[in-house]
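Structure below is data10.pdb: PDB, C-alpha atoms and all ligand atoms.
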```pdb
ATOM      1  CA  MET A  35       4.717 -21.189 -13.135  1.00  0.00           C
ATOM      2  CA  ALA A  36       4.541 -17.942 -11.254  1.00  0.00           C
ATOM      3  CA  THR A  37       2.847 -17.880  -7.895  1.00  0.00           C
ATOM      4  CA  LEU A  38       0.291 -15.181  -7.430  1.00  0.00           C
ATOM      5  CA  HIS A  39      -1.077 -14.908  -3.917  1.00  0.00           C
ATOM      6  CA  MET A  40      -3.834 -12.799  -5.310  1.00  0.00           C
ATOM      7  CA  GLU A  41      -7.612 -12.943  -5.267  1.00  0.00           C
ATOM      8  CA  GLY A  42      -9.615 -13.333  -8.415  1.00  0.00           C
ATOM      9  CA  PRO A  43      -9.995 -13.231 -11.294  1.00  0.00           C
ATOM     10  CA  PHE A  44     -12.893 -10.782 -11.122  1.00  0.00           C
ATOM     11  CA  CYS A  45     -14.665  -8.764 -13.807  1.00  0.00           C
ATOM     12  CA  LEU A  46     -13.016  -5.398 -14.282  1.00  0.00           C
ATOM     13  CA  ASP A  47     -16.075  -3.202 -13.855  1.00  0.00           C
ATOM     14  CA  ASN A  48     -17.170  -0.543 -11.362  1.00  0.00           C
ATOM     15  CA  GLU A  49     -19.673  -2.664  -9.497  1.00  0.00           C
ATOM     16  CA  THR A  50     -17.374  -5.647  -9.025  1.00  0.00           C
ATOM     17  CA  ILE A  51     -14.464  -3.490  -7.914  1.00  0.00           C
ATOM     18  CA  SER A  52     -16.596  -1.646  -5.355  1.00  0.00           C
ATOM     19  CA  LYS A  53     -18.034  -4.895  -4.049  1.00  0.00           C
ATOM     20  CA  THR A  54     -14.710  -6.749  -3.932  1.00  0.00           C
ATOM     21  CA  ILE A  55     -12.275  -4.117  -2.743  1.00  0.00           C
ATOM     22  CA  THR A  56     -13.660  -2.621   0.422  1.00  0.00           C
ATOM     23  CA  ARG A  57     -10.510  -1.128   1.932  1.00  0.00           C
ATOM     24  CA  ILE A  58      -8.612   1.994   0.936  1.00  0.00           C
ATOM     25  CA  SER A  59      -5.179   0.449   0.885  1.00  0.00           C
ATOM     26  CA  PRO A  60      -1.969   0.039  -1.053  1.00  0.00           C
ATOM     27  CA  GLY A  61      -2.107  -3.044  -3.219  1.00  0.00           C
ATOM     28  CA  ASN A  62      -1.159  -4.933  -6.323  1.00  0.00           C
ATOM     29  CA  TYR A  63      -3.116  -5.977  -9.370  1.00  0.00           C
ATOM     30  CA  LEU A  64      -2.893  -8.004 -12.528  1.00  0.00           C
ATOM     31  CA  LEU A  65      -4.974  -7.248 -15.604  1.00  0.00           C
ATOM     32  CA  GLY A  66      -5.774  -9.807 -18.247  1.00  0.00           C
ATOM     33  CA  PHE A  67      -8.352 -12.184 -19.616  1.00  0.00           C
ATOM     34  CA  LEU A  68      -9.493 -15.790 -19.360  1.00  0.00           C
ATOM     35  CA  ASP A  69      -8.313 -18.279 -21.948  1.00  0.00           C
ATOM     36  CA  ASP A  70     -10.195 -21.511 -21.354  1.00  0.00           C
ATOM     37  CA  LYS A  71     -10.289 -20.868 -17.572  1.00  0.00           C
ATOM     38  CA  ARG A  72      -6.632 -19.889 -17.445  1.00  0.00           C
ATOM     39  CA  PHE A  73      -5.978 -16.302 -16.394  1.00  0.00           C
ATOM     40  CA  VAL A  74      -3.612 -14.703 -18.882  1.00  0.00           C
ATOM     41  CA  VAL A  75      -1.708 -11.774 -17.369  1.00  0.00           C
ATOM     42  CA  LYS A  76      -1.135  -8.832 -19.689  1.00  0.00           C
ATOM     43  CA  HIS A  77      -0.408  -6.012 -17.279  1.00  0.00           C
ATOM     44  CA  VAL A  78       0.947  -5.798 -13.742  1.00  0.00           C
ATOM     45  CA  GLY A  79       0.558  -2.771 -11.523  1.00  0.00           C
ATOM     46  CA  ARG A  80       0.244  -1.397  -8.025  1.00  0.00           C
ATOM     47  CA  SER A  81      -1.247   1.446  -6.090  1.00  0.00           C
ATOM     48  CA  ASP A  82       0.580   3.145  -3.241  1.00  0.00           C
ATOM     49  CA  GLY A  83      -2.636   4.229  -1.570  1.00  0.00           C
ATOM     50  CA  ASP A  84      -5.910   3.121  -3.162  1.00  0.00           C
ATOM     51  CA  ILE A  85      -5.896  -0.154  -5.050  1.00  0.00           C
ATOM     52  CA  GLY A  86      -9.628   0.029  -5.821  1.00  0.00           C
ATOM     53  CA  GLY A  87      -9.439   3.533  -7.243  1.00  0.00           C
ATOM     54  CA  ARG A  88      -6.472   2.574  -9.347  1.00  0.00           C
ATOM     55  CA  LEU A  89      -8.278  -0.427 -10.787  1.00  0.00           C
ATOM     56  CA  LYS A  90     -11.252   1.723 -11.721  1.00  0.00           C
ATOM     57  CA  SER A  91      -8.956   3.860 -13.852  1.00  0.00           C
ATOM     58  CA  HIS A  92      -8.232   0.744 -15.942  1.00  0.00           C
ATOM     59  CA  ILE A  93     -11.840  -0.236 -16.665  1.00  0.00           C
ATOM     60  CA  GLY A  94     -12.280  -1.013 -20.355  1.00  0.00           C
ATOM     61  CA  LYS A  95      -8.680  -1.946 -21.024  1.00  0.00           C
ATOM     62  CA  TYR A  96      -8.964  -5.617 -20.019  1.00  0.00           C
ATOM     63  CA  PRO A  97     -11.930  -7.773 -18.975  1.00  0.00           C
ATOM     64  CA  MET A  98     -10.549  -9.302 -15.766  1.00  0.00           C
ATOM     65  CA  PHE A  99      -8.339  -8.499 -12.794  1.00  0.00           C
ATOM     66  CA  LYS A 100      -6.715 -10.096  -9.780  1.00  0.00           C
ATOM     67  CA  PHE A 101      -5.577  -8.150  -6.764  1.00  0.00           C
ATOM     68  CA  SER A 102      -4.073  -8.276  -3.306  1.00  0.00           C
ATOM     69  CA  TYR A 103      -3.786  -5.733  -0.529  1.00  0.00           C
ATOM     70  CA  ALA A 104      -0.305  -4.663   0.546  1.00  0.00           C
ATOM     71  CA  ASP A 105       0.840  -3.627   4.011  1.00  0.00           C
ATOM     72  CA  SER A 106       2.723  -0.596   2.712  1.00  0.00           C
ATOM     73  CA  PRO A 107       3.678   1.160  -0.516  1.00  0.00           C
ATOM     74  CA  ASN A 108       7.116  -0.444  -0.253  1.00  0.00           C
ATOM     75  CA  ALA A 109       5.610  -3.919   0.042  1.00  0.00           C
ATOM     76  CA  ALA A 110       3.461  -3.169  -3.006  1.00  0.00           C
ATOM     77  CA  PHE A 111       6.518  -2.001  -4.926  1.00  0.00           C
ATOM     78  CA  LYS A 112       8.420  -5.189  -4.113  1.00  0.00           C
ATOM     79  CA  LYS A 113       5.554  -7.378  -5.168  1.00  0.00           C
ATOM     80  CA  GLU A 114       5.057  -5.432  -8.381  1.00  0.00           C
ATOM     81  CA  CYS A 115       8.728  -5.906  -9.298  1.00  0.00           C
ATOM     82  CA  LYS A 116       8.329  -9.616  -8.599  1.00  0.00           C
ATOM     83  CA  ASN A 117       5.203  -9.853 -10.730  1.00  0.00           C
ATOM     84  CA  TYR A 118       6.862  -7.891 -13.501  1.00  0.00           C
ATOM     85  CA  ARG A 119       9.767 -10.296 -13.422  1.00  0.00           C
ATOM     86  CA  GLU A 120       7.676 -13.449 -13.281  1.00  0.00           C
ATOM     87  CA  PHE A 121       5.223 -12.523 -15.961  1.00  0.00           C
ATOM     88  CA  GLY A 122       7.742 -11.438 -18.519  1.00  0.00           C
ATOM     89  CA  GLY A 123       9.958  -8.445 -17.862  1.00  0.00           C
ATOM     90  CA  ASP A 124      11.263  -9.240 -21.322  1.00  0.00           C
ATOM     91  CA  GLN A 125       8.088  -7.615 -22.691  1.00  0.00           C
ATOM     92  CA  ASN A 126       7.150 -10.732 -24.611  1.00  0.00           C
ATOM     93  CA  LYS A 127       4.058 -11.409 -22.611  1.00  0.00           C
ATOM     94  CA  LEU A 128       3.249  -8.273 -20.680  1.00  0.00           C
ATOM     95  CA  LYS A 129       1.966  -5.051 -22.166  1.00  0.00           C
ATOM     96  CA  ASN A 130       3.723  -2.964 -19.528  1.00  0.00           C
ATOM     97  CA  GLU A 131       5.915  -0.513 -21.395  1.00  0.00           C
ATOM     98  CA  ILE A 132       8.285   0.251 -18.556  1.00  0.00           C
ATOM     99  CA  HIS A 133       9.680  -1.360 -15.435  1.00  0.00           C
ATOM    100  CA  PRO A 134       7.615  -0.606 -12.326  1.00  0.00           C
ATOM    101  CA  ASP A 135       8.333   2.921 -11.124  1.00  0.00           C
ATOM    102  CA  ARG A 136       9.070   3.922  -7.556  1.00  0.00           C
ATOM    103  CA  PRO A 137       7.753   6.951  -5.715  1.00  0.00           C
ATOM    104  CA  LYS A 138       9.654  10.180  -6.380  1.00  0.00           C
ATOM    105  CA  GLY A 139      12.353  10.760  -3.779  1.00  0.00           C
ATOM    106  CA  SER A 140      12.519   7.150  -2.636  1.00  0.00           C
ATOM    107  CA  ASN A 141      15.700   5.141  -3.049  1.00  0.00           C
ATOM    108  CA  TRP A 142      13.963   1.787  -3.327  1.00  0.00           C
ATOM    109  CA  LYS A 143      15.718  -0.754  -5.487  1.00  0.00           C
ATOM    110  CA  CYS A 144      14.436  -3.681  -7.473  1.00  0.00           C
ATOM    111  CA  GLN A 145      15.555  -7.017  -6.008  1.00  0.00           C
ATOM    112  CA  PHE A 146      15.612  -8.576  -9.445  1.00  0.00           C
ATOM    113  CA  CYS A 147      17.447  -6.207 -11.767  1.00  0.00           C
ATOM    114  CA  ILE A 148      19.777  -3.225 -11.792  1.00  0.00           C
ATOM    115  CA  ILE A 149      17.495  -0.685 -13.404  1.00  0.00           C
ATOM    116  CA  PHE A 150      17.654   1.725 -10.452  1.00  0.00           C
ATOM    117  CA  GLU A 151      21.442   1.403 -10.150  1.00  0.00           C
ATOM    118  CA  GLN A 152      21.941   3.128 -13.471  1.00  0.00           C
ATOM    119  CA  ALA A 153      23.277   6.624 -13.923  1.00  0.00           C
ATOM    120  CA  ASN A 154      19.942   8.179 -14.835  1.00  0.00           C
ATOM    121  CA  PHE A 155      18.592   7.263 -11.419  1.00  0.00           C
ATOM    122  CA  SER A 156      21.119   9.296  -9.437  1.00  0.00           C
ATOM    123  CA  GLU A 157      18.915  11.471  -7.256  1.00  0.00           C
ATOM    124  CA  TYR A 158      20.391  10.041  -4.074  1.00  0.00           C
TER
HETATM  125 ZN    ZN B   1      13.516  -4.905 -11.830  1.00  0.00          ZN
END
```
Starting from the file, give its structure as structure tokens.
Amino acid sequence: MATLHMEGPFCLDNETISKTITRISPGNYLLGFLDDKRFVVKHVGRSDGDIGGRLKSHIGKYPMFKFSYADSPNAAFKKECKNYREFGGDQNKLKNEIHPDRPKGSNWKCQFCIIFEQANFSEY
């Protein structure tokens, strides 16, 4: 089973997010719901600068979230790739439509797959 190192689950609503996430920081999140006390992950994501603000943009899509702060956008990117991998990069479980993106102009690579080695990612 995947390891999370995340806090939650919490209700995905304005009040809970504001109360729970008190720092403006890069971070990671999982969106999903509870199935008999088990948190079912349906979407993984990150924010490079404001994890709380990002979560607020998802209110209404899923009932619950988990999150963690990240030390840097790059750390958040790495963790998002890991989460994406662990929770079903095969699309069977997650609703994510694409592999986690990286910031424009960065040459970050995924540790788990070769997506950024392909010809259409040749900006560097
Ligand atoms: Zn990957």
Counting all atoms listed in the file, what are the residues of chain A within 7 Å of ligand ZN 1 (chain B), and for each of them which pair of atoms is the nearest and at what distance in Å, to one decimal? Sort the table by chain and rising number, as a tab-separated table.
```
residue	atom	partner	partner_atom	distance
A:Cys115	CA	B:ZN1	ZN	5.5
A:Arg119	CA	B:ZN1	ZN	6.8
A:His133	CA	B:ZN1	ZN	6.3
A:Cys144	CA	B:ZN1	ZN	4.6
A:Gln145	CA	B:ZN1	ZN	6.5
A:Phe146	CA	B:ZN1	ZN	4.9
A:Cys147	CA	B:ZN1	ZN	4.1
A:Ile148	CA	B:ZN1	ZN	6.5
A:Ile149	CA	B:ZN1	ZN	6.0
```
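Shortest atom-to-atom contact with A:Lys143 among A:Pro60, A:Glu120, A:Phe111, A:Leu128: A:Phe111, counting only C-alpha atoms.
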* To do: Measuring atom to atom with all atoms listed in the file, identify which of A:Lys71, A:Lys116, A:Arg88, A:His77 is nearest to A:Pro43.
  =>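 The closest residue to A:Pro43 is A:Lys71.
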* Asked: Pick from A:His39, A:Arg57, A:Lys138, A:Lys112: nearest to A:Ile85, with all atoms listed in the file counted?
  ->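 Comparing A:His39, A:Arg57, A:Lys138, A:Lys112 against A:Ile85, the winner is A:Arg57.
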* Given the choices A:Val78, A:Ala110, A:Leu89, A:Ala104, which gets closest to A:Asn130 if the distance is worked out from all atoms listed in the file? ->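 For A:Asn130, the nearest of the given residues is A:Val78.
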* To do: Take atom CA of A:Lys95 and atom CA of A:Phe150 and report the distance between them in Å, one decimal.
  => 28.6 Å
* Asked: If we count only C-alpha atoms, what is near A:Pro97 at a cut-off of 7 Å, once residues fewer than 4 positions away on the same chain are taken out, given as a PyMOL selection string?
  -> chain A and resi 45-46+66-67
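Remark: for A:Ser81, the closest of the candidate residues A:Pro137, A:Gly61, A:Gly42, A:Gly94 is A:Gly61 (distances computed over only C-alpha atoms).
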* Asked: Which of these, A:Glu41, A:Glu131, A:Ser140, A:Gly87, has the shortest distance to A:Leu64 once you count only C-alpha atoms?
  ->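 Of A:Glu41, A:Glu131, A:Ser140, A:Gly87, the one nearest A:Leu64, counting only C-alpha atoms, is A:Glu41.
Put simply, atom CA of A:Tyr118 is 10.2 Å away from atom CA of A:Lys76.
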At the level of N, CA, C and O atoms, write stretch 46-60 of chain A to a file as a CSV table (one decimal), in the first residue's frame, please.
```
chain,number,residue,atom,x,y,z
A,46,LEU,N,-13.2,19.1,2.3
A,46,LEU,CA,-12.8,20.0,1.2
A,46,LEU,C,-13.8,21.2,1.2
A,46,LEU,O,-14.6,21.2,0.3
A,47,ASP,N,-13.7,22.1,2.1
A,47,ASP,CA,-14.5,23.3,2.1
A,47,ASP,C,-13.6,24.5,2.6
A,47,ASP,O,-12.6,24.3,3.2
A,48,ASN,N,-14.1,25.7,2.2
A,48,ASN,CA,-13.4,26.9,2.5
A,48,ASN,C,-12.9,27.0,3.9
A,48,ASN,O,-11.7,27.3,4.2
A,49,GLU,N,-13.8,26.8,4.9
A,49,GLU,CA,-13.5,27.0,6.3
A,49,GLU,C,-12.4,26.0,6.7
A,49,GLU,O,-11.5,26.4,7.4
A,50,THR,N,-12.6,24.8,6.4
A,50,THR,CA,-11.6,23.8,6.8
A,50,THR,C,-10.2,24.1,6.2
A,50,THR,O,-9.2,23.9,6.9
A,51,ILE,N,-10.2,24.4,5.0
A,51,ILE,CA,-8.9,24.7,4.3
A,51,ILE,C,-8.2,25.9,5.0
A,51,ILE,O,-7.0,25.8,5.3
A,52,SER,N,-9.0,27.0,5.2
A,52,SER,CA,-8.4,28.1,5.9
A,52,SER,C,-7.9,27.8,7.3
A,52,SER,O,-6.8,28.3,7.7
A,53,LYS,N,-8.6,27.0,8.0
A,53,LYS,CA,-8.3,26.6,9.4
A,53,LYS,C,-7.1,25.7,9.4
A,53,LYS,O,-6.2,25.8,10.3
A,54,THR,N,-7.0,24.8,8.4
A,54,THR,CA,-6.0,23.7,8.4
A,54,THR,C,-4.6,24.2,7.8
A,54,THR,O,-3.6,23.8,8.3
A,55,ILE,N,-4.8,24.9,6.7
A,55,ILE,CA,-3.5,25.3,6.0
A,55,ILE,C,-3.3,26.8,6.2
A,55,ILE,O,-3.9,27.6,5.7
A,56,THR,N,-2.3,27.0,7.1
A,56,THR,CA,-2.1,28.4,7.6
A,56,THR,C,-0.8,29.0,7.0
A,56,THR,O,-0.5,30.1,7.3
A,57,ARG,N,-0.1,28.3,6.2
A,57,ARG,CA,1.1,28.8,5.6
A,57,ARG,C,0.9,28.9,4.1
A,57,ARG,O,0.2,28.1,3.4
A,58,ILE,N,1.4,30.0,3.5
A,58,ILE,CA,1.5,30.1,2.0
A,58,ILE,C,2.7,29.4,1.6
A,58,ILE,O,3.9,29.8,1.9
A,59,SER,N,2.6,28.2,1.0
A,59,SER,CA,3.7,27.4,0.8
A,59,SER,C,3.5,26.4,-0.4
A,59,SER,O,2.3,26.1,-0.7
A,60,PRO,N,4.5,26.0,-1.1
A,60,PRO,CA,4.3,24.9,-2.0
A,60,PRO,C,3.8,23.7,-1.2
A,60,PRO,O,4.1,23.6,0.0
```
